[in-house]
>>> print(open('model.pdb').read())   # PDB, N, CA and C atoms
ATOM      1  N   MET A 131    -104.894 -93.846  54.313
ATOM      2  CA  MET A 131    -103.894 -92.792  54.339
ATOM      3  C   MET A 131    -102.605 -93.356  54.936
ATOM      4  N   LEU A 132    -101.509 -93.176  54.251
ATOM      5  CA  LEU A 132    -100.209 -93.642  54.720
ATOM      6  C   LEU A 132     -99.568 -92.556  55.563
ATOM      7  N   VAL A 133     -99.177 -92.929  56.767
ATOM      8  CA  VAL A 133     -98.532 -91.969  57.664
ATOM      9  C   VAL A 133     -97.080 -92.373  57.807
ATOM     10  N   ARG A 134     -96.187 -91.487  57.539
ATOM     11  CA  ARG A 134     -94.762 -91.760  57.695
ATOM     12  C   ARG A 134     -94.275 -91.193  59.009
ATOM     13  N   MET A 135     -93.364 -91.925  59.617
ATOM     14  CA  MET A 135     -92.776 -91.463  60.870
ATOM     15  C   MET A 135     -91.518 -90.685  60.556
ATOM     16  N   ALA A 136     -91.234 -89.728  61.385
ATOM     17  CA  ALA A 136     -89.985 -88.983  61.239
ATOM     18  C   ALA A 136     -88.820 -89.940  61.421
ATOM     19  N   SER A 137     -87.698 -89.659  60.799
ATOM     20  CA  SER A 137     -86.559 -90.570  60.845
ATOM     21  C   SER A 137     -85.997 -90.747  62.256
ATOM     22  N   ASN A 138     -86.294 -89.817  63.155
ATOM     23  CA  ASN A 138     -85.773 -89.939  64.518
ATOM     24  C   ASN A 138     -86.737 -90.665  65.452
ATOM     25  N   GLN A 139     -87.893 -91.107  64.955
ATOM     26  CA  GLN A 139     -88.852 -91.821  65.782
ATOM     27  C   GLN A 139     -88.684 -93.320  65.589
ATOM     28  N   GLN A 140     -88.852 -94.061  66.666
ATOM     29  CA  GLN A 140     -88.761 -95.506  66.607
ATOM     30  C   GLN A 140     -90.159 -96.090  66.646
ATOM     31  N   THR A 141     -90.328 -97.211  65.968
ATOM     32  CA  THR A 141     -91.594 -97.911  66.070
ATOM     33  C   THR A 141     -91.542 -98.818  67.284
ATOM     34  N   ARG A 142     -92.692 -99.080  67.851
ATOM     35  CA  ARG A 142     -92.765 -99.942  69.023
ATOM     36  C   ARG A 142     -92.541-101.386  68.593
ATOM     37  N   PRO A 143     -91.843-102.182  69.387
ATOM     38  CA  PRO A 143     -91.614-103.588  69.046
ATOM     39  C   PRO A 143     -92.937-104.327  68.845
ATOM     40  N   GLY A 144     -92.939-105.273  67.922
ATOM     41  CA  GLY A 144     -94.136-106.052  67.621
ATOM     42  C   GLY A 144     -94.172-107.362  68.379
ATOM     43  N   ILE A 145     -95.208-108.126  68.129
ATOM     44  CA  ILE A 145     -95.379-109.423  68.785
ATOM     45  C   ILE A 145     -94.189-110.318  68.467
ATOM     46  N   GLY A 146     -93.639-110.921  69.509
ATOM     47  CA  GLY A 146     -92.490-111.807  69.362
ATOM     48  C   GLY A 146     -91.152-111.101  69.486
ATOM     49  N   ASP A 147     -91.156-109.769  69.485
ATOM     50  CA  ASP A 147     -89.910-109.000  69.606
ATOM     51  C   ASP A 147     -89.548-108.772  71.066
ATOM     52  N   LEU A 148     -88.259-108.609  71.310
ATOM     53  CA  LEU A 148     -87.822-108.184  72.640
ATOM     54  C   LEU A 148     -88.202-106.727  72.825
ATOM     55  N   ALA A 149     -88.610-106.381  74.025
ATOM     56  CA  ALA A 149     -89.009-105.013  74.316
ATOM     57  C   ALA A 149     -88.622-104.660  75.745
ATOM     58  N   LYS A 150     -88.464-103.374  75.975
ATOM     59  CA  LYS A 150     -88.163-102.893  77.315
ATOM     60  C   LYS A 150     -89.334-102.054  77.810
ATOM     61  N   ASP A 151     -89.784-102.358  79.006
ATOM     62  CA  ASP A 151     -90.802-101.559  79.687
ATOM     63  C   ASP A 151     -90.037-100.534  80.511
ATOM     64  N   THR A 152     -90.009 -99.308  80.038
ATOM     65  CA  THR A 152     -89.202 -98.277  80.695
ATOM     66  C   THR A 152     -89.728 -97.923  82.081
ATOM     67  N   ALA A 153     -91.008 -98.122  82.331
ATOM     68  CA  ALA A 153     -91.572 -97.814  83.646
ATOM     69  C   ALA A 153     -91.062 -98.791  84.708
ATOM     70  N   ARG A 154     -90.836-100.041  84.310
ATOM     71  CA  ARG A 154     -90.378-101.057  85.254
ATOM     72  C   ARG A 154     -88.902-101.393  85.093
ATOM     73  N   GLY A 155     -88.317-100.961  83.977
ATOM     74  CA  GLY A 155     -86.915-101.277  83.728
ATOM     75  C   GLY A 155     -86.699-102.748  83.434
ATOM     76  N   ARG A 156     -87.713-103.406  82.891
ATOM     77  CA  ARG A 156     -87.641-104.846  82.611
ATOM     78  C   ARG A 156     -87.686-105.100  81.108
ATOM     79  N   ILE A 157     -87.056-106.185  80.703
ATOM     80  CA  ILE A 157     -87.050-106.590  79.301
ATOM     81  C   ILE A 157     -87.783-107.914  79.191
ATOM     82  N   GLY A 158     -88.573-108.044  78.124
ATOM     83  CA  GLY A 158     -89.298-109.275  77.889
ATOM     84  C   GLY A 158     -89.701-109.381  76.436
ATOM     85  N   VAL A 159     -90.554-110.339  76.151
ATOM     86  CA  VAL A 159     -91.024-110.584  74.795
ATOM     87  C   VAL A 159     -92.466-110.098  74.693
ATOM     88  N   VAL A 160     -92.751-109.320  73.657
ATOM     89  CA  VAL A 160     -94.104-108.810  73.444
ATOM     90  C   VAL A 160     -94.996-109.983  73.034
ATOM     91  N   MET A 161     -96.074-110.182  73.781
ATOM     92  CA  MET A 161     -96.998-111.277  73.513
ATOM     93  C   MET A 161     -98.277-110.799  72.826
ATOM     94  N   GLY A 162     -98.605-109.532  72.970
ATOM     95  CA  GLY A 162     -99.815-109.009  72.345
ATOM     96  C   GLY A 162    -100.248-107.715  72.985
ATOM     97  N   GLU A 163    -101.421-107.257  72.554
ATOM     98  CA  GLU A 163    -102.026-106.047  73.115
ATOM     99  C   GLU A 163    -103.455-106.362  73.501
ATOM    100  N   VAL A 164    -103.818-106.004  74.718
ATOM    101  CA  VAL A 164    -105.176-106.230  75.199
ATOM    102  C   VAL A 164    -105.607-105.010  76.001
ATOM    103  N   GLY A 165    -106.761-104.478  75.672
ATOM    104  CA  GLY A 165    -107.322-103.372  76.434
ATOM    105  C   GLY A 165    -106.431-102.145  76.501
ATOM    106  N   GLY A 166    -105.693-101.873  75.435
ATOM    107  CA  GLY A 166    -104.846-100.688  75.413
ATOM    108  C   GLY A 166    -103.515-100.856  76.127
ATOM    109  N   HIS A 167    -103.214-102.063  76.568
ATOM    110  CA  HIS A 167    -101.939-102.359  77.223
ATOM    111  C   HIS A 167    -101.153-103.357  76.383
ATOM    112  N   VAL A 168     -99.845-103.273  76.460
ATOM    113  CA  VAL A 168     -98.975-104.241  75.802
ATOM    114  C   VAL A 168     -98.647-105.313  76.819
ATOM    115  N   GLN A 169     -98.824-106.570  76.431
ATOM    116  CA  GLN A 169     -98.513-107.679  77.333
ATOM    117  C   GLN A 169     -97.104-108.171  77.018
ATOM    118  N   ILE A 170     -96.277-108.242  78.055
ATOM    119  CA  ILE A 170     -94.882-108.641  77.921
ATOM    120  C   ILE A 170     -94.608-109.806  78.864
ATOM    121  N   ARG A 171     -93.901-110.811  78.343
ATOM    122  CA  ARG A 171     -93.533-111.984  79.152
ATOM    123  C   ARG A 171     -92.037-111.938  79.423
ATOM    124  N   PRO A 172     -91.600-112.272  80.629
ATOM    125  CA  PRO A 172     -90.160-112.310  80.919
ATOM    126  C   PRO A 172     -89.435-113.235  79.938
ATOM    127  N   VAL A 173     -88.190-112.914  79.612
ATOM    128  CA  VAL A 173     -87.447-113.690  78.623
ATOM    129  C   VAL A 173     -87.252-115.144  79.045
ATOM    130  N   GLY A 174     -87.188-115.425  80.309
ATOM    131  CA  GLY A 174     -87.022-116.792  80.778
ATOM    132  C   GLY A 174     -88.335-117.512  80.990
ATOM    133  N   GLY A 175     -89.436-116.892  80.595
ATOM    134  CA  GLY A 175     -90.764-117.455  80.810
ATOM    135  C   GLY A 175     -91.354-116.917  82.096
ATOM    136  N   GLY A 176     -92.598-117.182  82.301
ATOM    137  CA  GLY A 176     -93.264-116.711  83.507
ATOM    138  C   GLY A 176     -94.526-115.944  83.192
ATOM    139  N   ILE A 177     -94.995-115.239  84.171
ATOM    140  CA  ILE A 177     -96.258-114.517  84.068
ATOM    141  C   ILE A 177     -96.055-113.191  83.332
ATOM    142  N   GLU A 178     -96.944-112.942  82.372
ATOM    143  CA  GLU A 178     -96.892-111.692  81.619
ATOM    144  C   GLU A 178     -97.282-110.518  82.510
ATOM    145  N   TRP A 179     -96.804-109.346  82.120
ATOM    146  CA  TRP A 179     -97.245-108.134  82.790
ATOM    147  C   TRP A 179     -97.740-107.161  81.732
ATOM    148  N   ASP A 180     -98.569-106.226  82.159
ATOM    149  CA  ASP A 180     -99.112-105.216  81.264
ATOM    150  C   ASP A 180     -98.267-103.957  81.350
ATOM    151  N   ALA A 181     -98.009-103.378  80.186
ATOM    152  CA  ALA A 181     -97.250-102.128  80.117
ATOM    153  C   ALA A 181     -98.027-101.121  79.286
ATOM    154  N   MET A 182     -97.876 -99.873  79.622
ATOM    155  CA  MET A 182     -98.482 -98.815  78.822
ATOM    156  C   MET A 182     -97.710 -98.709  77.506
ATOM    157  N   PRO A 183     -98.399 -98.584  76.379
ATOM    158  CA  PRO A 183     -97.717 -98.539  75.080
ATOM    159  C   PRO A 183     -96.620 -97.479  74.987
ATOM    160  N   ASP A 184     -96.809 -96.333  75.624
ATOM    161  CA  ASP A 184     -95.795 -95.274  75.571
ATOM    162  C   ASP A 184     -94.517 -95.651  76.314
ATOM    163  N   ASN A 185     -94.592 -96.658  77.185
ATOM    164  CA  ASN A 185     -93.422 -97.086  77.960
ATOM    165  C   ASN A 185     -92.681 -98.262  77.324
ATOM    166  N   VAL A 186     -93.166 -98.746  76.187
ATOM    167  CA  VAL A 186     -92.563 -99.917  75.542
ATOM    168  C   VAL A 186     -91.665 -99.454  74.390
ATOM    169  N   VAL A 187     -90.385 -99.784  74.501
ATOM    170  CA  VAL A 187     -89.396 -99.402  73.488
ATOM    171  C   VAL A 187     -88.517-100.600  73.157
ATOM    172  N   ALA A 188     -87.788-100.490  72.066
ATOM    173  CA  ALA A 188     -86.813-101.527  71.727
ATOM    174  C   ALA A 188     -85.641-101.425  72.700
ATOM    175  N   PRO A 189     -85.131-102.549  73.138
ATOM    176  CA  PRO A 189     -83.974-102.498  74.046
ATOM    177  C   PRO A 189     -82.727-102.046  73.299
ATOM    178  N   THR A 190     -81.756-101.542  74.038
ATOM    179  CA  THR A 190     -80.482-101.184  73.421
ATOM    180  C   THR A 190     -79.793-102.478  72.988
ATOM    181  N   ALA A 191     -78.763-102.353  72.178
ATOM    182  CA  ALA A 191     -78.031-103.538  71.717
ATOM    183  C   ALA A 191     -77.465-104.322  72.898
ATOM    184  N   ARG A 192     -76.962-103.632  73.884
ATOM    185  CA  ARG A 192     -76.399-104.289  75.074
ATOM    186  C   ARG A 192     -77.487-105.020  75.858
ATOM    187  N   GLU A 193     -78.644-104.385  76.022
ATOM    188  CA  GLU A 193     -79.749-105.011  76.751
ATOM    189  C   GLU A 193     -80.256-106.243  75.998
ATOM    190  N   GLU A 194     -80.335-106.134  74.669
ATOM    191  CA  GLU A 194     -80.795-107.273  73.876
ATOM    192  C   GLU A 194     -79.816-108.440  73.966
ATOM    193  N   LEU A 195     -78.529-108.150  73.879
ATOM    194  CA  LEU A 195     -77.513-109.195  73.985
ATOM    195  C   LEU A 195     -77.594-109.883  75.345
ATOM    196  N   SER A 196     -77.752-109.115  76.394
ATOM    197  CA  SER A 196     -77.851-109.669  77.739
ATOM    198  C   SER A 196     -79.077-110.572  77.870
ATOM    199  N   ALA A 197     -80.201-110.133  77.312
ATOM    200  CA  ALA A 197     -81.434-110.929  77.383
ATOM    201  C   ALA A 197     -81.290-112.219  76.590
ATOM    202  N   ARG A 198     -80.706-112.136  75.402
ATOM    203  CA  ARG A 198     -80.523-113.342  74.579
ATOM    204  C   ARG A 198     -79.554-114.323  75.247
ATOM    205  N   LEU A 199     -78.534-113.803  75.913
ATOM    206  CA  LEU A 199     -77.591-114.651  76.639
ATOM    207  C   LEU A 199     -78.287-115.349  77.805
ATOM    208  N   ALA A 200     -79.163-114.640  78.489
ATOM    209  CA  ALA A 200     -79.913-115.240  79.600
ATOM    210  C   ALA A 200     -80.791-116.380  79.095
ATOM    211  N   ILE A 201     -81.407-116.208  77.921
ATOM    212  CA  ILE A 201     -82.233-117.260  77.337
ATOM    213  C   ILE A 201     -81.373-118.469  77.012
ATOM    214  N   ARG A 202     -80.249-118.220  76.399
ATOM    215  CA  ARG A 202     -79.343-119.318  75.997
ATOM    216  C   ARG A 202     -78.818-120.062  77.228
ATOM    217  N   ASN A 203     -78.443-119.334  78.255
ATOM    218  CA  ASN A 203     -77.959-119.971  79.482
ATOM    219  C   ASN A 203     -79.047-120.814  80.131
ATOM    220  N   GLY A 204     -80.271-120.302  80.122
ATOM    221  CA  GLY A 204     -81.390-121.062  80.679
ATOM    222  C   GLY A 204     -81.632-122.345  79.906
ATOM    223  N   ASN A 205     -81.562-122.247  78.581
ATOM    224  CA  ASN A 205     -81.746-123.432  77.745
ATOM    225  C   ASN A 205     -80.639-124.446  78.000
ATOM    226  N   SER A 206     -79.427-123.956  78.201
ATOM    227  CA  SER A 206     -78.289-124.831  78.455
ATOM    228  C   SER A 206     -78.467-125.582  79.770
ATOM    229  N   ARG A 207     -78.942-124.885  80.792
ATOM    230  CA  ARG A 207     -79.186-125.522  82.092
ATOM    231  C   ARG A 207     -80.279-126.584  81.986
ATOM    232  N   ASP A 208     -81.253-126.334  81.095
ATOM    233  CA  ASP A 208     -82.358-127.263  80.929
ATOM    234  C   ASP A 208     -82.044-128.387  79.959
ATOM    235  N   GLY A 209     -80.828-128.386  79.399
ATOM    236  CA  GLY A 209     -80.427-129.435  78.478
ATOM    237  C   GLY A 209     -80.986-129.290  77.083
ATOM    238  N   LEU A 210     -81.373-128.088  76.711
ATOM    239  CA  LEU A 210     -81.939-127.865  75.374
ATOM    240  C   LEU A 210     -80.884-127.400  74.392
TER     241      LEU A 210
END
>>> encode(input="model.pdb", output="structure tokens")
Amino acid sequence: MLVRMASNQQTRPGIGDLAKDTARGRIGVVMGEVGGHVQIRPVGGGIEWDAMPDNVVAPTAREELSARLAIRNGNSRDGL
């Protein structure tokens, strides 16, 4: 059965996408889902954290730009 979402509903970010955990106010990369939780890794690398699926949303354009800039700056410092 195909279920369509209303046009005002957003889909949750998938694996590899930037996502915002609204409960923590943090942005990271979705790494997967385990045990009913979404695993998110900080954009600069580090230890993943678990988020409740209802708290995971796509970041705003400004938040995404800021996160991508942080990644680029980190790569620049590391000589990449």
>>> residues_around(input="model.pdb", residues="Val168 of chain A", least_positions_apart="6", cutoff="9 Å", atoms="only C-alpha atoms", output="PyMOL selection string")
chain A and resi 160-162+179-183+186
>>> closest_residue(input="model.pdb", among="A:Leu195, A:Ile145, A:Ile201, A:Ala153", to="Ile170 of chain A", atoms="only C-alpha atoms")
A:Ile145
>>> select_by_dssp(input="model.pdb", residues="segment 159-203 of chain A", states="strand (DSSP E)", output="number ranges by chain")
A: 159-164, 167-172, 179-181, 186-187
>>> select_by_dssp(input="model.pdb", residues="chain A", states="helix (DSSP H, G or I)", output="mmCIF file with N, CA and C atoms, in the frame of the given file")
data_model
loop_
_atom_site.group_PDB
_atom_site.id
_atom_site.type_symbol
_atom_site.label_atom_id
_atom_site.label_comp_id
_atom_site.auth_asym_id
_atom_site.auth_seq_id
_atom_site.Cartn_x
_atom_site.Cartn_y
_atom_site.Cartn_z
ATOM 1 N N PRO A 183 -98.399 -98.584 76.379
ATOM 2 C CA PRO A 183 -97.717 -98.539 75.080
ATOM 3 C C PRO A 183 -96.620 -97.479 74.987
ATOM 4 N N ASP A 184 -96.809 -96.333 75.624
ATOM 5 C CA ASP A 184 -95.795 -95.274 75.571
ATOM 6 C C ASP A 184 -94.517 -95.651 76.314
ATOM 7 N N ASN A 185 -94.592 -96.658 77.185
ATOM 8 C CA ASN A 185 -93.422 -97.086 77.960
ATOM 9 C C ASN A 185 -92.681 -98.262 77.324
ATOM 10 N N ALA A 191 -78.763 -102.353 72.178
ATOM 11 C CA ALA A 191 -78.031 -103.538 71.717
ATOM 12 C C ALA A 191 -77.465 -104.322 72.898
ATOM 13 N N ARG A 192 -76.962 -103.632 73.884
ATOM 14 C CA ARG A 192 -76.399 -104.289 75.074
ATOM 15 C C ARG A 192 -77.487 -105.020 75.858
ATOM 16 N N GLU A 193 -78.644 -104.385 76.022
ATOM 17 C CA GLU A 193 -79.749 -105.011 76.751
ATOM 18 C C GLU A 193 -80.256 -106.243 75.998
ATOM 19 N N GLU A 194 -80.335 -106.134 74.669
ATOM 20 C CA GLU A 194 -80.795 -107.273 73.876
ATOM 21 C C GLU A 194 -79.816 -108.440 73.966
ATOM 22 N N LEU A 195 -78.529 -108.150 73.879
ATOM 23 C CA LEU A 195 -77.513 -109.195 73.985
ATOM 24 C C LEU A 195 -77.594 -109.883 75.345
ATOM 25 N N SER A 196 -77.752 -109.115 76.394
ATOM 26 C CA SER A 196 -77.851 -109.669 77.739
ATOM 27 C C SER A 196 -79.077 -110.572 77.870
ATOM 28 N N ALA A 197 -80.201 -110.133 77.312
ATOM 29 C CA ALA A 197 -81.434 -110.929 77.383
ATOM 30 C C ALA A 197 -81.290 -112.219 76.590
ATOM 31 N N ARG A 198 -80.706 -112.136 75.402
ATOM 32 C CA ARG A 198 -80.523 -113.342 74.579
ATOM 33 C C ARG A 198 -79.554 -114.323 75.247
ATOM 34 N N LEU A 199 -78.534 -113.803 75.913
ATOM 35 C CA LEU A 199 -77.591 -114.651 76.639
ATOM 36 C C LEU A 199 -78.287 -115.349 77.805
ATOM 37 N N ALA A 200 -79.163 -114.640 78.489
ATOM 38 C CA ALA A 200 -79.913 -115.240 79.600
ATOM 39 C C ALA A 200 -80.791 -116.380 79.095
ATOM 40 N N ILE A 201 -81.407 -116.208 77.921
ATOM 41 C CA ILE A 201 -82.233 -117.260 77.337
ATOM 42 C C ILE A 201 -81.373 -118.469 77.012
ATOM 43 N N ARG A 202 -80.249 -118.220 76.399
ATOM 44 C CA ARG A 202 -79.343 -119.318 75.997
ATOM 45 C C ARG A 202 -78.818 -120.062 77.228
ATOM 46 N N ASN A 203 -78.443 -119.334 78.255
ATOM 47 C CA ASN A 203 -77.959 -119.971 79.482
ATOM 48 C C ASN A 203 -79.047 -120.814 80.131
ATOM 49 N N GLY A 204 -80.271 -120.302 80.122
ATOM 50 C CA GLY A 204 -81.390 -121.062 80.679
ATOM 51 C C GLY A 204 -81.632 -122.345 79.906
ATOM 52 N N ASN A 205 -81.562 -122.247 78.581
ATOM 53 C CA ASN A 205 -81.746 -123.432 77.745
ATOM 54 C C ASN A 205 -80.639 -124.446 78.000
ATOM 55 N N SER A 206 -79.427 -123.956 78.201
ATOM 56 C CA SER A 206 -78.289 -124.831 78.455
ATOM 57 C C SER A 206 -78.467 -125.582 79.770
ATOM 58 N N ARG A 207 -78.942 -124.885 80.792
ATOM 59 C CA ARG A 207 -79.186 -125.522 82.092
ATOM 60 C C ARG A 207 -80.279 -126.584 81.986
#
>>> residues_around(input="model.pdb", residues="Leu148 of chain A", least_positions_apart="5", cutoff="8 Å", atoms="all atoms listed in the file", output="MDAnalysis selection string")
chainID A and resid 143 157:160 187:189 194
>>> atom_distance(input="model.pdb", atom1="atom CA of Asp208 of chain A", atom2="atom CA of Glu193 of chain A")
22.8 Å
>>> atom_distance(input="model.pdb", atom1="atom CA of Lys150 of chain A", atom2="atom CA of Asn203 of chain A")
20.0 Å
>>> atom_distance(input="model.pdb", atom1="atom CA of Ala197 of chain A", atom2="atom CA of Gln169 of chain A")
17.4 Å
